file entry27.txt (compact mmCIF, C-alpha atoms)
# COMPACT_ATOMS: atom_id res chain seq x y z
CA MET A 1328 103.23 90.44 105.20
CA ASP A 1329 100.69 91.04 107.94
CA GLY A 1330 98.98 94.40 107.93
CA ILE A 1331 100.96 97.12 109.66
CA ASP A 1332 98.57 98.65 112.19
CA SER A 1333 100.65 101.18 114.09
CA LEU A 1334 97.77 103.68 114.21
CA THR A 1335 94.49 101.79 113.88
CA LYS A 1336 93.45 98.31 112.93
CA THR A 1337 92.11 99.58 109.63
CA ASP A 1338 95.38 101.17 108.53
CA PHE A 1339 97.72 99.19 106.33
CA VAL A 1340 101.11 99.70 104.76
CA SER A 1341 102.38 97.30 102.11
CA ILE A 1342 106.03 97.57 101.09
CA TRP A 1343 107.99 95.65 98.46
CA VAL A 1344 111.67 95.61 97.60
CA ARG A 1345 112.16 94.11 94.15
CA ASP A 1346 113.46 94.54 90.59
CA PRO A 1347 117.23 94.77 91.18
CA LYS A 1348 119.12 96.57 88.42
CA LEU A 1349 122.83 96.80 87.77
CA HIS A 1350 124.26 100.22 86.89
CA LYS A 1351 127.73 100.68 85.43
CA GLU A 1352 129.39 103.84 86.73
CA ASP A 1353 132.65 103.43 84.85
CA PHE A 1354 134.95 100.65 83.64
CA TRP A 1355 135.69 99.45 87.20
CA HIS A 1356 132.67 100.45 89.27
CA THR A 1357 129.09 99.23 89.26
CA HIS A 1358 126.25 99.32 91.74
CA VAL A 1359 122.85 97.70 92.17
CA ASP A 1360 119.67 99.51 93.09
CA TYR A 1361 116.23 98.18 93.97
CA GLU A 1362 112.67 99.30 93.45
CA ILE A 1363 110.80 100.19 96.65
CA SER A 1364 107.05 100.19 96.12
CA LEU A 1365 104.68 101.36 98.82
CA HIS A 1366 100.90 101.17 99.03
CA THR A 1367 99.01 102.42 102.07
CA ASN A 1368 95.89 104.09 103.37
CA SER A 1369 97.69 105.53 106.39
CA MET A 1370 97.43 109.25 107.06
CA CYS A 1371 101.12 109.16 107.98
CA PHE A 1372 102.10 109.20 104.31
CA ARG A 1373 101.92 112.07 101.87
CA LYS A 1374 101.26 109.74 98.94
CA LYS A 1375 99.26 106.54 99.17
CA THR A 1376 101.15 104.88 96.32
CA SER A 1377 104.79 105.51 95.55
CA CYS A 1378 107.79 103.95 93.87
CA VAL A 1379 111.47 104.88 94.14
CA ARG A 1380 114.82 103.17 93.62
CA ARG A 1381 117.46 102.91 96.35
CA ARG A 1382 120.88 101.33 96.83
CA TYR A 1383 122.00 99.17 99.73
CA SER A 1384 124.26 102.01 100.94
CA GLU A 1385 121.20 104.25 101.21
CA PHE A 1386 119.49 101.66 103.41
CA VAL A 1387 122.56 101.71 105.65
CA TRP A 1388 122.37 105.52 105.81
CA LEU A 1389 118.67 105.43 106.67
CA ARG A 1390 119.14 102.94 109.47
CA GLN A 1391 121.91 105.03 111.03
CA ARG A 1392 119.86 108.25 110.89
CA LEU A 1393 116.80 106.57 112.34
CA GLN A 1394 118.92 105.10 115.12
CA ASP A 1395 120.45 108.50 115.88
CA ASN A 1396 116.99 110.03 116.29
CA ALA A 1397 115.42 107.17 118.22
CA LEU A 1398 118.04 106.30 120.81
CA ILE A 1399 115.70 104.26 123.00
CA ILE A 1400 114.69 101.94 120.16
CA GLU A 1401 116.84 99.14 118.84
CA LEU A 1402 116.33 99.17 115.10
CA PRO A 1403 116.02 95.98 113.08
CA LYS A 1404 119.14 94.77 111.33
CA LEU A 1405 119.93 95.04 107.67
CA PRO A 1406 121.58 92.24 105.72
CA PRO A 1407 125.30 92.46 106.50
CA TRP A 1408 127.62 94.07 104.00
CA ASN A 1409 129.24 91.45 101.83
CA PRO A 1410 132.52 92.38 100.11
CA PHE A 1411 131.94 89.49 97.70
CA PHE A 1412 128.37 90.43 96.80
CA SER A 1413 127.70 89.68 93.13
CA PHE A 1414 124.74 90.69 91.01
CA SER A 1415 125.24 87.50 89.03
CA ASN A 1416 124.55 85.43 92.17
CA PRO A 1417 120.74 85.20 92.39
CA ILE A 1418 120.82 83.77 95.91
CA GLN A 1419 122.80 86.72 97.24
CA VAL A 1420 120.54 89.21 95.46
CA SER A 1421 117.38 87.50 96.70
CA GLN A 1422 118.64 87.34 100.29
CA ARG A 1423 119.59 91.00 100.27
CA MET A 1424 116.21 92.07 98.89
CA LYS A 1425 114.39 89.92 101.44
CA GLY A 1426 116.44 91.37 104.29
CA MET A 1427 115.89 94.97 103.18
CA GLN A 1428 112.15 94.42 102.82
CA GLU A 1429 111.94 92.87 106.29
CA PHE A 1430 113.87 95.85 107.66
CA LEU A 1431 111.38 98.31 106.18
CA GLU A 1432 108.39 96.26 107.34
CA LEU A 1433 109.62 96.37 110.92
CA VAL A 1434 110.49 100.07 110.74
CA LEU A 1435 107.00 100.87 109.48
CA GLN A 1436 105.49 99.12 112.49
CA THR A 1437 107.14 101.60 114.86
CA PRO A 1438 105.11 104.83 115.41
CA LEU A 1439 108.12 106.79 116.64
CA LEU A 1440 110.06 106.05 113.45
CA LEU A 1441 107.08 107.01 111.28
CA SER A 1442 107.48 110.58 112.51
CA ASP A 1443 111.00 110.87 111.05
CA SER A 1444 110.92 112.89 107.83
CA ARG A 1445 114.04 111.08 106.55
CA LEU A 1446 112.03 107.88 106.33
CA HIS A 1447 109.37 109.60 104.23
CA LEU A 1448 111.92 111.19 101.93
CA PHE A 1449 113.67 107.84 101.54
CA LEU A 1450 110.44 106.07 100.58
CA GLN A 1451 108.69 108.76 98.56
CA SER A 1452 111.33 110.91 96.88
CA GLN A 1453 114.49 110.28 94.91
CA LEU A 1454 116.65 112.77 96.82
CA SER A 1455 120.26 111.84 97.51
CA MET A 1456 121.36 111.10 101.05
CA ALA A 1457 122.88 114.58 101.43
CA LYS A 1458 119.75 116.30 100.17
CA MET A 1459 117.46 114.16 102.32
CA GLU A 1460 119.47 115.18 105.36
CA ALA A 1461 119.45 118.85 104.38
CA CYS A 1462 115.72 118.81 103.67
CA ALA A 1463 114.94 117.09 106.98
CA ARG A 1464 116.95 119.78 108.77
CA GLY A 1465 115.08 122.57 106.98
CA GLN A 1466 118.17 123.64 105.04
CA THR A 1467 116.63 123.51 101.56
CA ARG A 1468 114.32 125.89 99.70
CA TYR A 1469 111.74 123.10 99.50
CA THR A 1470 109.96 121.41 102.40
CA VAL A 1471 109.66 117.68 102.94
CA ALA A 1472 106.09 117.80 101.66
CA GLU A 1473 107.12 119.74 98.55
CA ALA A 1474 109.95 117.31 97.81
CA ILE A 1475 107.58 114.36 97.90
CA GLN A 1476 104.77 116.11 96.05
CA LYS A 1477 106.93 117.32 93.18
CA TRP A 1478 108.70 113.99 92.79
CA MET A 1479 105.36 112.24 92.45
CA ASP A 1480 103.86 114.92 90.19
CA CYS A 1481 106.79 114.80 87.76
CA HIS A 1482 107.60 111.11 87.97
CA THR A 1483 105.42 109.94 85.11
CA PRO A 1484 106.13 106.75 83.12
CA HIS A 1485 108.22 107.14 79.97
CA CYS A 1486 108.47 110.89 80.46
CA PRO A 1487 111.61 112.35 78.82
CA ALA A 1488 113.87 114.19 81.24
CA GLN A 1489 113.51 117.47 79.35
CA GLU A 1490 109.70 117.33 79.60
CA VAL A 1491 109.83 116.45 83.29
CA GLU A 1492 112.18 119.34 83.97
CA LYS A 1493 110.03 121.82 82.04
CA ALA A 1494 106.86 120.68 83.81
CA PHE A 1495 108.59 120.92 87.16
CA CYS A 1496 109.85 124.43 86.40
CA ASP A 1497 106.43 125.58 85.24
CA SER A 1498 104.81 124.38 88.45
CA THR A 1499 107.40 125.46 91.00
CA CYS A 1500 109.34 128.49 89.82
CA GLU A 1501 106.40 130.80 90.37
CA SER A 1502 107.06 130.52 94.08
CA THR A 1503 109.76 128.70 96.06
CA THR A 1504 108.96 130.24 99.41
CA SER A 1505 108.76 127.93 102.40
CA SER A 1506 105.89 128.02 104.85
CA GLY A 1507 108.23 127.23 107.72
CA LEU A 1508 107.32 123.54 107.70
CA GLY A 1509 110.63 122.15 106.53
CA HIS A 1510 110.24 119.25 108.94
CA SER A 1511 106.50 118.83 108.44
CA MET A 1512 104.36 116.61 106.24
CA ASP A 1513 101.25 118.77 106.62
CA ASN A 1514 101.34 121.16 103.68
CA LEU A 1515 99.85 119.32 100.72
CA GLN A 1516 96.91 117.04 100.13
CA SER A 1517 97.58 113.41 99.30
CA SER A 1518 96.88 111.62 96.05
CA SER A 1519 96.23 107.96 95.34
CA SER A 1520 97.53 107.98 91.76
CA PRO A 1521 99.77 105.00 91.04
CA VAL A 1522 103.39 105.78 90.24
CA ASP A 1523 105.75 103.87 87.97
CA CYS A 1524 109.45 103.70 88.65
CA ASP A 1525 111.68 105.17 85.97
CA PRO A 1526 115.33 105.46 87.06
CA SER A 1527 116.07 107.82 84.18
CA THR A 1528 114.21 110.56 86.05
CA THR A 1529 116.91 112.01 88.26
CA GLU A 1530 116.94 114.15 91.35
CA ALA A 1531 119.02 116.71 89.49
CA THR A 1532 116.26 117.07 86.90
CA LEU A 1533 113.45 117.33 89.40
CA PHE A 1534 115.00 119.80 91.81
CA SER A 1535 116.91 122.10 89.47
CA CYS A 1536 114.25 124.77 89.81
CA LEU A 1537 113.92 124.62 93.58
CA SER A 1538 117.64 125.21 93.95
CA LYS A 1539 117.70 128.56 92.17
CA SER A 1540 115.51 131.47 91.25
CA PRO A 1541 114.50 132.55 88.69
CA CYS A 1542 113.97 129.38 86.68
CA HIS A 1543 116.88 127.97 84.69
CA HIS A 1544 117.10 124.70 82.84
CA ASP A 1545 120.68 123.71 83.61
CA VAL A 1546 121.26 120.46 85.47
CA ILE A 1547 122.44 120.41 89.07
CA HIS A 1548 124.88 117.63 89.77
CA PRO A 1549 124.43 115.95 93.18
call {"tool": "encode", "arguments": {"input": "entry27.txt", "output": "structure tokens"}}
result
Amino acid sequence: MDGIDSLTKTDFVSIWVRDPKLHKEDFWHTHVDYEISLHTNSMCFRKKTSCVRRRYSEFVWLRQRLQDNALIIELPKLPPWNPFFSFSNPIQVSQRMKGMQEFLELVLQTPLLLSDSRLHLFLQSQLSMAKMEACARGQTRYTVAEAIQKWMDCHTPHCPAQEVEKAFCDSTCESTTSSGLGHSMDNLQSSSSPVDCDPSTTEATLFSCLSKSPCHHDVIHP
């Protein structure tokens, strides 16, 4: 991928979609998610290195929201939905990953889209679609910056869910007040610490404390 230089010629954003994993929801239903790894030196991003996992349906959601907020721009296409998509078909999986990566590469070359907080939440937090939308609209107790910061702070490799939840509570339950920047990315300083993906760390674990006060350790189901 050529360097993405939407701001200056020295800025770069590298994005990878890889490591597909099959998840069994119940006897009849499964889904596949993919690792999205980002590395950048751009001031547009809260974290310079991040890693999350997203499903194809979340890509579809992101494209629709970006299109709604950027009416004058024709967004790049995603790989078409395939009712016969099979995880056991490596060609289909590879083509889908390639198409989703190309979609993100083109999106990240568009300055107007880089200002959309949904894009940042999609790439640098593990919030659900509903919670990303609520956060972007300023309807959550946590700001966009806080959502990204706390996900990265707590998302340590091989960290048991109970330890992540306790650490998150200890660091956030002292104060959950918002500075009025629910749509802003300007609250917290960035960090260049590498992040490893661990799908066992869930949004419910990470944001249980921000959703209530005082601190409790019960799990919030999305």
call {"tool": "atom_distance", "arguments": {"input": "entry27.txt", "atom1": "CA of Trp1388 (chain A)", "atom2": "CA of Asn1368 (chain A)"}}
result
26.6 Å
call {"tool": "residues_around", "arguments": {"input": "entry27.txt", "residues": "Arg1423 (chain A)", "least_positions_apart": "6", "cutoff": "9 Å", "atoms": "only C-alpha atoms", "output": "ChimeraX atom specification"}}
result
/A:1383,1405-1407
call {"tool": "residues_near_point", "arguments": {"input": "entry27.txt", "point": "(113.1, 100.1, 94.7)", "cutoff": "12 Å", "atoms": "all atoms listed in the file", "output": "JSON, numbers by chain"}}
result
{"A": [1342, 1343, 1344, 1345, 1346, 1347, 1348, 1359, 1360, 1361, 1362, 1363, 1364, 1365, 1377, 1378, 1379, 1380, 1381, 1382, 1383, 1385, 1386, 1424, 1427, 1428, 1431, 1449, 1450, 1451, 1452, 1453, 1523, 1524, 1525, 1526]}
call {"tool": "atom_distance", "arguments": {"input": "entry27.txt", "atom1": "CA of Ala1474 (chain A)", "atom2": "CA of Leu1349 (chain A)"}}
result
26.2 Å
call {"tool": "atom_distance", "arguments": {"input": "entry27.txt", "atom1": "CA of Ser1369 (chain A)", "atom2": "CA of Asp1338 (chain A)"}}
result
5.4 Å
call {"tool": "build_atoms", "arguments": {"input": "entry27.txt", "residues": "region 1453-1464 of chain A", "atoms": "all heavy atoms", "output": "PDB file, in the coordinates of the input"}}
result
ATOM      1  N   GLN A1453     113.254 110.858  95.419  1.00  0.00           N
ATOM      2  CA  GLN A1453     114.490 110.280  94.910  1.00  0.00           C
ATOM      3  C   GLN A1453     115.684 111.167  95.279  1.00  0.00           C
ATOM      4  O   GLN A1453     116.721 111.146  94.629  1.00  0.00           O
ATOM      5  CB  GLN A1453     114.416 110.103  93.388  1.00  0.00           C
ATOM      6  CG  GLN A1453     115.355 109.049  92.829  1.00  0.00           C
ATOM      7  CD  GLN A1453     115.062 107.645  93.327  1.00  0.00           C
ATOM      8  OE1 GLN A1453     113.975 107.135  93.132  1.00  0.00           O
ATOM      9  NE2 GLN A1453     116.032 107.018  93.972  1.00  0.00           N
ATOM     10  N   LEU A1454     115.556 111.934  96.362  1.00  0.00           N
ATOM     11  CA  LEU A1454     116.650 112.770  96.820  1.00  0.00           C
ATOM     12  C   LEU A1454     117.853 111.927  97.220  1.00  0.00           C
ATOM     13  O   LEU A1454     117.704 110.812  97.714  1.00  0.00           O
ATOM     14  CB  LEU A1454     116.215 113.613  98.015  1.00  0.00           C
ATOM     15  CG  LEU A1454     115.246 114.777  97.769  1.00  0.00           C
ATOM     16  CD1 LEU A1454     114.876 115.427  99.093  1.00  0.00           C
ATOM     17  CD2 LEU A1454     115.839 115.797  96.832  1.00  0.00           C
ATOM     18  N   SER A1455     119.036 112.492  97.043  1.00  0.00           N
ATOM     19  CA  SER A1455     120.260 111.840  97.510  1.00  0.00           C
ATOM     20  C   SER A1455     120.299 111.864  99.032  1.00  0.00           C
ATOM     21  O   SER A1455     119.523 112.570  99.693  1.00  0.00           O
ATOM     22  CB  SER A1455     121.478 112.557  96.950  1.00  0.00           C
ATOM     23  OG  SER A1455     121.563 113.868  97.501  1.00  0.00           O
ATOM     24  N   MET A1456     121.230 111.125  99.596  1.00  0.00           N
ATOM     25  CA  MET A1456     121.360 111.100 101.050  1.00  0.00           C
ATOM     26  C   MET A1456     121.647 112.495 101.602  1.00  0.00           C
ATOM     27  O   MET A1456     121.058 112.916 102.609  1.00  0.00           O
ATOM     28  CB  MET A1456     122.465 110.117 101.461  1.00  0.00           C
ATOM     29  CG  MET A1456     122.107 108.666 101.178  1.00  0.00           C
ATOM     30  SD  MET A1456     123.407 107.479 101.651  1.00  0.00           S
ATOM     31  CE  MET A1456     124.574 107.717 100.301  1.00  0.00           C
ATOM     32  N   ALA A1457     122.537 113.233 100.961  1.00  0.00           N
ATOM     33  CA  ALA A1457     122.880 114.580 101.430  1.00  0.00           C
ATOM     34  C   ALA A1457     121.678 115.504 101.375  1.00  0.00           C
ATOM     35  O   ALA A1457     121.427 116.285 102.310  1.00  0.00           O
ATOM     36  CB  ALA A1457     124.035 115.143 100.605  1.00  0.00           C
ATOM     37  N   LYS A1458     120.907 115.411 100.309  1.00  0.00           N
ATOM     38  CA  LYS A1458     119.750 116.300 100.170  1.00  0.00           C
ATOM     39  C   LYS A1458     118.602 115.882 101.085  1.00  0.00           C
ATOM     40  O   LYS A1458     117.839 116.724 101.565  1.00  0.00           O
ATOM     41  CB  LYS A1458     119.313 116.363  98.708  1.00  0.00           C
ATOM     42  CG  LYS A1458     120.233 117.224  97.847  1.00  0.00           C
ATOM     43  CD  LYS A1458     119.650 117.446  96.474  1.00  0.00           C
ATOM     44  CE  LYS A1458     120.436 118.507  95.700  1.00  0.00           C
ATOM     45  NZ  LYS A1458     121.818 118.125  95.425  1.00  0.00           N
ATOM     46  N   MET A1459     118.452 114.587 101.334  1.00  0.00           N
ATOM     47  CA  MET A1459     117.460 114.160 102.320  1.00  0.00           C
ATOM     48  C   MET A1459     117.785 114.726 103.692  1.00  0.00           C
ATOM     49  O   MET A1459     116.903 115.219 104.409  1.00  0.00           O
ATOM     50  CB  MET A1459     117.395 112.629 102.378  1.00  0.00           C
ATOM     51  CG  MET A1459     116.627 111.987 101.238  1.00  0.00           C
ATOM     52  SD  MET A1459     116.322 110.220 101.500  1.00  0.00           S
ATOM     53  CE  MET A1459     117.945 109.523 101.172  1.00  0.00           C
ATOM     54  N   GLU A1460     119.048 114.653 104.059  1.00  0.00           N
ATOM     55  CA  GLU A1460     119.470 115.180 105.360  1.00  0.00           C
ATOM     56  C   GLU A1460     119.237 116.680 105.439  1.00  0.00           C
ATOM     57  O   GLU A1460     118.710 117.192 106.435  1.00  0.00           O
ATOM     58  CB  GLU A1460     120.935 114.852 105.601  1.00  0.00           C
ATOM     59  CG  GLU A1460     121.453 115.239 106.977  1.00  0.00           C
ATOM     60  CD  GLU A1460     120.789 114.472 108.102  1.00  0.00           C
ATOM     61  OE1 GLU A1460     120.382 113.308 107.884  1.00  0.00           O
ATOM     62  OE2 GLU A1460     120.656 115.047 109.205  1.00  0.00           O
ATOM     63  N   ALA A1461     119.626 117.398 104.381  1.00  0.00           N
ATOM     64  CA  ALA A1461     119.450 118.850 104.380  1.00  0.00           C
ATOM     65  C   ALA A1461     117.972 119.225 104.432  1.00  0.00           C
ATOM     66  O   ALA A1461     117.571 120.145 105.159  1.00  0.00           O
ATOM     67  CB  ALA A1461     120.106 119.443 103.131  1.00  0.00           C
ATOM     68  N   CYS A1462     117.155 118.522 103.688  1.00  0.00           N
ATOM     69  CA  CYS A1462     115.720 118.810 103.670  1.00  0.00           C
ATOM     70  C   CYS A1462     115.100 118.536 105.042  1.00  0.00           C
ATOM     71  O   CYS A1462     114.292 119.327 105.540  1.00  0.00           O
ATOM     72  CB  CYS A1462     115.034 117.963 102.597  1.00  0.00           C
ATOM     73  SG  CYS A1462     113.293 118.340 102.352  1.00  0.00           S
ATOM     74  N   ALA A1463     115.470 117.422 105.654  1.00  0.00           N
ATOM     75  CA  ALA A1463     114.940 117.090 106.980  1.00  0.00           C
ATOM     76  C   ALA A1463     115.332 118.122 108.021  1.00  0.00           C
ATOM     77  O   ALA A1463     114.594 118.361 108.985  1.00  0.00           O
ATOM     78  CB  ALA A1463     115.429 115.702 107.401  1.00  0.00           C
ATOM     79  N   ARG A1464     116.478 118.758 107.840  1.00  0.00           N
ATOM     80  CA  ARG A1464     116.950 119.780 108.770  1.00  0.00           C
ATOM     81  C   ARG A1464     116.416 121.174 108.429  1.00  0.00           C
ATOM     82  O   ARG A1464     116.750 122.148 109.092  1.00  0.00           O
ATOM     83  CB  ARG A1464     118.478 119.820 108.780  1.00  0.00           C
ATOM     84  CG  ARG A1464     119.126 118.585 109.378  1.00  0.00           C
ATOM     85  CD  ARG A1464     120.636 118.643 109.245  1.00  0.00           C
ATOM     86  NE  ARG A1464     121.290 117.503 109.875  1.00  0.00           N
ATOM     87  CZ  ARG A1464     121.700 117.474 111.139  1.00  0.00           C
ATOM     88  NH1 ARG A1464     121.525 118.527 111.909  1.00  0.00           N
ATOM     89  NH2 ARG A1464     122.285 116.394 111.623  1.00  0.00           N
TER      90      ARG A1464
END
